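Data block below; observations after.
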Amino acid sequence: MKNITTPISDEAIRDLKVGDSVALSGMMVTGRDAAHKWMIETFIKKTRPPQDDDLQVYEELKKLLKGSVIYHCGPVVTGLDTKDYKFIAAGPTTSIREEPYQADVMKHFNVKGVIGKGGMGPKTLKGCEETPGVYFHAIGGAASFLAQTVVKVHGVFKMDFGVPEAMWVIEVKDFPVVVTMDSHGGSQHAVIDESSKKVLDDLLTR
Amino acid sequence: MRDLTNEILELIRRTSSSLPPDVEKRLRESIEKEEPGSAARGALETIMKNIELSRANSTPICQDTGTPIFYVHYPVGWSTIQLKAQIRAAMAEATKRSFMRPNAVDAIYDKNTGNNLGGDDFPYVHFEEVESDELTIELMLKGGGCENVGRQYSLPDNSVGAGRDLAGVRKVVLDAVQKAQGQGCAPGILGVSIGGDRGSSYIKSKEVLFSEMGTRNEDPKLAELEEQLTKESNEMGIGPMGFGGKTTVLDTKIVGLSRLPASYFVSVSYMCWAYRRRKMTVKGEEVTYA
């Protein structure tokens with residue numbers, strides 16, 4: 001088990017290989033479907049003019065994401081009325097939906113890691129090589145367990161996306177993940193997809 | 001008519017935070033099949049810790065508290081209008097108490113309603129009148145990750161050489177499992193329906209998931225296919241979370257329907273390991289949970 005704290009250096013990223021177990025600590029930001037679409041359209045491709053507090057949030061995100069990690073997560077949060085937020089269930093969501101956006105977001109903000117589940121495709125893998133960054137796989141569905149590693153909720157952006165889609169700024173301690181895509185072109189997901197396809201093809205001939 | 005809002009709230013709490021014993025048992029048994037020190041085994045061990053923690057703290061097993069699917073069997077004389085209103089009130093309260101994540105998003109305007117009530121069909125409620133003095137309410141919470149990897153095939157399907165028979169059904173179900181990889185939060189449970197129209201086929205493929213683990217179809221041919229599909233799915237080596245390993249599918253349940261001469265649909269509903277389903281029974285004054 002390797003211990004890594006955000007912000008993460010390029011050297012530390014290059015050291016990570018597919019199969020490594022990592023305990024992550026430090027600040028990170030949640031972001032999923034609405035957040036990725038919004039970041040791409042408003043700040044990267046600029047097909048949509050910034051509205052409301054967009055530019056202000058952008059400046060904050062630039063500081064928070066540099067060298068840090070995006071977590072694909074739509075948490076269950078208590079304390080919404082009092083803003084004394086606490087994560088009580090916070091496992092990863094399926095990452096592949098961010099495949100069109102992820103590599104560009106990583107490069108734009110210099111994001112060193114993405115946490116999610118199910119893995120991502122060739123575009124993100126290339127993004128991991130170029131940024132450099134890695135894909136950290138968390139255990140899908142282990143929401144109560146993972147929420148316990150979230151020691152503090154520092155704040156939230158874009159609450160108008162709804163609680164699951166908002167961008168939560170959190171601090172974690174020993175958040176357990178496995179590297180399944182590294183910055184050297186390795187992807188456990190591509191390997192398993194190919195080996196299982198071979199077995200399937202054999203089963204289909206029987 | 002009796003107000004069951006609080007009892008339904010308790011059903012929601014139990015369903016979201018306490019995995020049924022038959023599912024937990026199957027998951028625990030699968031740990032021994034994975035290599036010590038492997039990512040697959042680590043994933044299953046974390047899953048077991050999470051199950052215990054959620055139950056102890058009444059917190060959601062998974063943050064995606066899913067589509068709430070209610071099946072209500074009611075004796076003659078109960079009002080489905082009132083029961084539905086009570087289910088909806090309980091759902092809003094369960095959301096307030098964080099047993100449920102606000103999960104109903106208006107698909108046109110992208111707005112989350114904040115209380116898990118989204119139009120007439122969210123939560124989904126199915127009513128059936130029964131000749132019995134017991135009212136039962138079953139609830140299944142089906143997460144979006146596994147729902148997204150469900151598939152429907154119209155046979156014949158040339159992509160996998162599947163004809164209009166059980167041999168063809170076998171091929172498309174295995175194809176669905178391979179395509180799902182770990183994305184539906186493997187190890188999964190397969191609900192398969194054969195026949196029907198596109199709508200009824202999908203609905204029945206979920207309904208069959210209300211039965212207990214290991215329940216076999218009464219038709220020996222389908223029972224055999226259920227066993228075979230579980231075994232062959234596990235040969236693909238996808239494993240927990242898609243990390244690679246021996247445990248990809250925990251069980252398969254098949255239901256056969258009538259079809260039109262022209263149609264032969266096979267629907268596969270993939271249920272994640274967080275297979276949340278619970279039941280409450282109301283008999284006289286007594287309310288029990290299973």
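Identifiers in this document derive from the order of the structure tokens: chains are assigned A, B, ..., residues are numbered from 1 separately in each chain, and ligands are numbered from 1 in order of occurrence.
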
Practice task
Select residues of chain B: the criterion is any atom within 6 Å of an atom of chain A, counting only C-alpha atoms; output as a VMD selection string.
Solution key: chain B and resid 47 50 54 60 to 63 101 112 145 182 to 183 185 236

Self-check item: Surrounding residues of Val29 (chain A) excluding itself and chain neighbours under 3 positions, 9 Å, only C-alpha atoms, as a VMD selection string
Solution: chain A and resid 61 64 to 65 68 to 72 156 167 to 171

- request: Quick one: everything within 6 Å of Phe175 (chain A), counting only C-alpha atoms, minus sequence neighbours fewer than 3 positions away in the same chain. Send it as an MDAnalysis selection string.
  value: chainID A and resid 23:24 149

Residues of the last selection are to be written out with C-alpha atoms, as a PDB file, in the first residue's frame.
```pdb
ATOM      1  CA  ALA A  23      -4.204   5.247   0.372  1.00  0.00           C
ATOM      2  CA  LEU A  24      -5.016   8.814  -0.722  1.00  0.00           C
ATOM      3  CA  THR A 149     -12.478   8.564   5.020  1.00  0.00           C
TER       4      THR A 149
END
```

Which residue gives the smallest distance to Glu130 (chain A) among A:Ser183, A:Thr47, A:Thr82, A:Ser25, with only C-alpha atoms counted?
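Of the candidates, the smallest distance to Glu130 (chain A) is held by A:Ser183.
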
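Proximity of B:Glu7, B:Asp251, B:Glu235, B:Glu34 to Gln178 (chain B), computed with only C-alpha atoms, is greatest for B:Glu235.
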
Within 9 Å of Gln102 (chain A) using only C-alpha atoms, minus same-chain residues under 5 positions, as a PDB file with C-alpha atoms, in the first residue's frame:
```
ATOM      1  CA  HIS A  36     -17.716  17.940 -16.567  1.00  0.00           C
ATOM      2  CA  LYS A 107      -4.905  18.744 -19.086  1.00  0.00           C
ATOM      3  CA  VAL A 114      -9.356  10.731 -11.315  1.00  0.00           C
ATOM      4  CA  LYS A 123      -9.015   9.025 -24.810  1.00  0.00           C
ATOM      5  CA  THR A 124      -8.611   9.268 -21.046  1.00  0.00           C
ATOM      6  CA  GLY A 127      -4.774  12.027 -21.249  1.00  0.00           C
TER       7      GLY A 127
END
```

Shell of 8 Å around Val105 (chain A), only C-alpha atoms, local chain residues under 2 positions omitted, as a PDB file with C-alpha atoms, in the first residue's frame:
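Output below, filename out-v1.pdb:
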```pdb
ATOM      1  CA  HIS A  36     -17.716  17.940 -16.567  1.00  0.00           C
ATOM      2  CA  MET A  39     -16.293  22.836 -17.296  1.00  0.00           C
ATOM      3  CA  ILE A  40     -15.814  21.838 -20.935  1.00  0.00           C
ATOM      4  CA  ILE A  44     -12.340  24.827 -22.208  1.00  0.00           C
ATOM      5  CA  TYR A 101     -14.531  15.241 -21.340  1.00  0.00           C
ATOM      6  CA  GLN A 102     -12.000  13.764 -18.931  1.00  0.00           C
ATOM      7  CA  ALA A 103      -8.703  14.095 -20.818  1.00  0.00           C
ATOM      8  CA  LYS A 107      -4.905  18.744 -19.086  1.00  0.00           C
ATOM      9  CA  HIS A 108      -6.635  22.104 -18.617  1.00  0.00           C
ATOM     10  CA  PHE A 109      -6.540  22.047 -14.818  1.00  0.00           C
ATOM     11  CA  ASN A 110      -3.432  19.811 -14.471  1.00  0.00           C
ATOM     12  CA  VAL A 111      -5.456  17.211 -12.566  1.00  0.00           C
TER      13      VAL A 111
END
```

So that I can see what lies close to Thr5 (chain A), please list as a CSV table (one decimal) with C-alpha atoms, in the first residue's frame the residues with an atom at most 12 Å from it, counting only C-alpha atoms and leaving out residues fewer than 2 positions away in the same chain.
```csv
chain,number,residue,atom,x,y,z
A,2,LYS,CA,1.4,3.4,-1.0
A,3,ASN,CA,0.5,6.5,0.8
A,7,PRO,CA,-1.1,17.8,-4.4
A,8,ILE,CA,0.7,15.0,-6.2
A,9,SER,CA,4.0,15.6,-8.1
A,12,ALA,CA,4.9,10.4,-7.9
A,13,ILE,CA,2.4,9.9,-10.7
A,22,VAL,CA,-2.9,3.5,-2.7
A,23,ALA,CA,-4.2,5.2,0.4
A,24,LEU,CA,-5.0,8.8,-0.7
A,25,SER,CA,-5.1,11.8,1.6
A,26,GLY,CA,-5.6,15.5,1.2
A,27,MET,CA,-7.9,17.8,-0.6
A,28,MET,CA,-10.0,16.8,-3.6
A,67,GLY,CA,-2.0,18.7,-8.8
A,68,SER,CA,-5.1,17.3,-7.2
A,69,VAL,CA,-7.8,14.8,-7.8
A,112,LYS,CA,-3.2,14.4,-11.4
A,113,GLY,CA,-5.8,11.7,-10.7
A,171,GLU,CA,-10.5,16.5,2.6
A,172,VAL,CA,-9.9,12.7,2.9
A,173,LYS,CA,-7.6,10.5,5.0
A,174,ASP,CA,-6.5,7.1,3.7
A,175,PHE,CA,-9.1,6.8,1.0
```

- request: Please identify which residues in region 63-170 of chain A DSSP calls strand (DSSP E) from the backbone, and express them as a PyMOL selection string.
  value: chain A and resi 69-71+76-78+86-89+113-116+134-137+150-157+167-170

Please produce a file of those selected residues containing N, CA and C atoms, as an mmCIF file, in the first residue's frame.
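Final output, out.cif:
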```cif
data_model
loop_
_atom_site.group_PDB
_atom_site.id
_atom_site.type_symbol
_atom_site.label_atom_id
_atom_site.label_comp_id
_atom_site.auth_asym_id
_atom_site.auth_seq_id
_atom_site.Cartn_x
_atom_site.Cartn_y
_atom_site.Cartn_z
ATOM 1 N N VAL A 69 -7.030 15.915 -7.370
ATOM 2 C CA VAL A 69 -7.805 14.768 -7.830
ATOM 3 C C VAL A 69 -9.277 15.151 -7.989
ATOM 4 N N ILE A 70 -9.892 14.644 -9.066
ATOM 5 C CA ILE A 70 -11.348 14.763 -9.233
ATOM 6 C C ILE A 70 -11.961 13.422 -8.865
ATOM 7 N N TYR A 71 -12.991 13.484 -8.041
ATOM 8 C CA TYR A 71 -13.665 12.257 -7.612
ATOM 9 C C TYR A 71 -15.051 12.185 -8.255
ATOM 10 N N VAL A 76 -24.312 11.312 -0.549
ATOM 11 C CA VAL A 76 -25.449 11.636 0.316
ATOM 12 C C VAL A 76 -24.876 12.497 1.429
ATOM 13 N N VAL A 77 -25.457 13.692 1.612
ATOM 14 C CA VAL A 77 -24.878 14.691 2.515
ATOM 15 C C VAL A 77 -25.909 15.095 3.558
ATOM 16 N N THR A 78 -25.476 15.156 4.814
ATOM 17 C CA THR A 78 -26.364 15.705 5.842
ATOM 18 C C THR A 78 -25.923 17.139 6.158
ATOM 19 N N LYS A 86 -21.846 17.031 6.064
ATOM 20 C CA LYS A 86 -21.136 15.798 6.383
ATOM 21 C C LYS A 86 -21.512 14.751 5.335
ATOM 22 N N PHE A 87 -20.498 14.065 4.794
ATOM 23 C CA PHE A 87 -20.761 12.968 3.854
ATOM 24 C C PHE A 87 -21.106 11.713 4.653
ATOM 25 N N ILE A 88 -22.256 11.115 4.349
ATOM 26 C CA ILE A 88 -22.570 9.865 5.047
ATOM 27 C C ILE A 88 -22.551 8.658 4.105
ATOM 28 N N ALA A 89 -22.623 8.915 2.808
ATOM 29 C CA ALA A 89 -22.500 7.832 1.818
ATOM 30 C C ALA A 89 -21.844 8.440 0.587
ATOM 31 N N GLY A 113 -5.127 13.022 -10.875
ATOM 32 C CA GLY A 113 -5.798 11.743 -10.683
ATOM 33 C C GLY A 113 -7.294 11.874 -10.811
ATOM 34 N N VAL A 114 -7.904 10.794 -11.245
ATOM 35 C CA VAL A 114 -9.356 10.731 -11.315
ATOM 36 C C VAL A 114 -9.763 9.485 -10.544
ATOM 37 N N ILE A 115 -10.688 9.652 -9.587
ATOM 38 C CA ILE A 115 -11.200 8.483 -8.858
ATOM 39 C C ILE A 115 -12.594 8.177 -9.379
ATOM 40 N N GLY A 116 -12.849 6.918 -9.645
ATOM 41 C CA GLY A 116 -14.179 6.516 -10.075
ATOM 42 C C GLY A 116 -14.296 5.022 -10.013
ATOM 43 N N VAL A 134 -3.258 9.584 -13.398
ATOM 44 C CA VAL A 134 -3.660 8.179 -13.299
ATOM 45 C C VAL A 134 -5.152 8.082 -12.999
ATOM 46 N N TYR A 135 -5.690 6.893 -13.240
ATOM 47 C CA TYR A 135 -7.063 6.598 -12.849
ATOM 48 C C TYR A 135 -7.028 5.700 -11.625
ATOM 49 N N PHE A 136 -7.663 6.186 -10.559
ATOM 50 C CA PHE A 136 -7.748 5.423 -9.312
ATOM 51 C C PHE A 136 -9.120 4.771 -9.234
ATOM 52 N N HIS A 137 -9.151 3.446 -9.075
ATOM 53 C CA HIS A 137 -10.435 2.751 -8.966
ATOM 54 C C HIS A 137 -10.803 2.585 -7.500
ATOM 55 N N VAL A 150 -13.760 10.560 4.522
ATOM 56 C CA VAL A 150 -13.918 12.001 4.259
ATOM 57 C C VAL A 150 -13.943 12.706 5.611
ATOM 58 N N VAL A 151 -12.811 13.294 5.974
ATOM 59 C CA VAL A 151 -12.705 13.847 7.327
ATOM 60 C C VAL A 151 -13.325 15.239 7.428
ATOM 61 N N LYS A 152 -13.391 15.942 6.278
ATOM 62 C CA LYS A 152 -13.982 17.281 6.337
ATOM 63 C C LYS A 152 -14.544 17.697 4.991
ATOM 64 N N VAL A 153 -15.716 18.320 5.020
ATOM 65 C CA VAL A 153 -16.266 18.926 3.808
ATOM 66 C C VAL A 153 -15.969 20.423 3.896
ATOM 67 N N HIS A 154 -15.107 20.910 3.010
ATOM 68 C CA HIS A 154 -14.677 22.311 3.103
ATOM 69 C C HIS A 154 -15.662 23.274 2.458
ATOM 70 N N GLY A 155 -16.450 22.778 1.510
ATOM 71 C CA GLY A 155 -17.406 23.668 0.869
ATOM 72 C C GLY A 155 -17.986 23.020 -0.357
ATOM 73 N N VAL A 156 -18.799 23.789 -1.068
ATOM 74 C CA VAL A 156 -19.447 23.228 -2.252
ATOM 75 C C VAL A 156 -19.653 24.323 -3.304
ATOM 76 N N PHE A 157 -19.441 23.929 -4.556
ATOM 77 C CA PHE A 157 -19.737 24.825 -5.685
ATOM 78 C C PHE A 157 -20.867 24.233 -6.511
ATOM 79 N N MET A 167 -20.217 20.292 -7.001
ATOM 80 C CA MET A 167 -18.780 20.038 -6.829
ATOM 81 C C MET A 167 -18.411 20.278 -5.368
ATOM 82 N N TRP A 168 -18.189 19.200 -4.658
ATOM 83 C CA TRP A 168 -17.899 19.249 -3.227
ATOM 84 C C TRP A 168 -16.389 19.259 -3.014
ATOM 85 N N VAL A 169 -15.938 20.195 -2.198
ATOM 86 C CA VAL A 169 -14.511 20.270 -1.869
ATOM 87 C C VAL A 169 -14.311 19.526 -0.556
ATOM 88 N N ILE A 170 -13.555 18.420 -0.632
ATOM 89 C CA ILE A 170 -13.447 17.564 0.548
ATOM 90 C C ILE A 170 -11.987 17.267 0.898
#
```

Exercise. Quick one: everything within 12 Å of Asn103 (chain B), counting only C-alpha atoms, minus sequence neighbours fewer than 3 positions away in the same chain. Send it as a count of residues only.
Key: 38

Which is closer to Asp3 (chain B) than all the others in B:Ala89, B:Ile51, B:Leu209, B:Ile189, using only C-alpha atoms?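 Nearest candidate to Asp3 (chain B) out of B:Ala89, B:Ile51, B:Leu209, B:Ile189: B:Ala89.
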
Determine which residues of region 47-98 of chain A receive a DSSP assignment of helix (DSSP H, G or I), computed from the backbone, and state them as a list in words.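 Selecting the helix (DSSP H, G or I) positions of region 47-98 of chain A gives Asp54, Leu55, Gln56, Val57, Tyr58, Glu59, Glu60, Leu61, Lys62, Lys63, Leu64, Leu65, Ser95, Ile96, Arg97 and Glu98 of chain A.
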
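One distance worth recording is that between CA of Ser17 (chain B) and CA of Val282 (chain B), which is 21.4 Å.
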
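Distances to Leu27 (chain B) were evaluated for B:Leu250, B:Ala40, B:Val255, B:Glu10 using only C-alpha atoms, and the minimum falls at B:Leu250.
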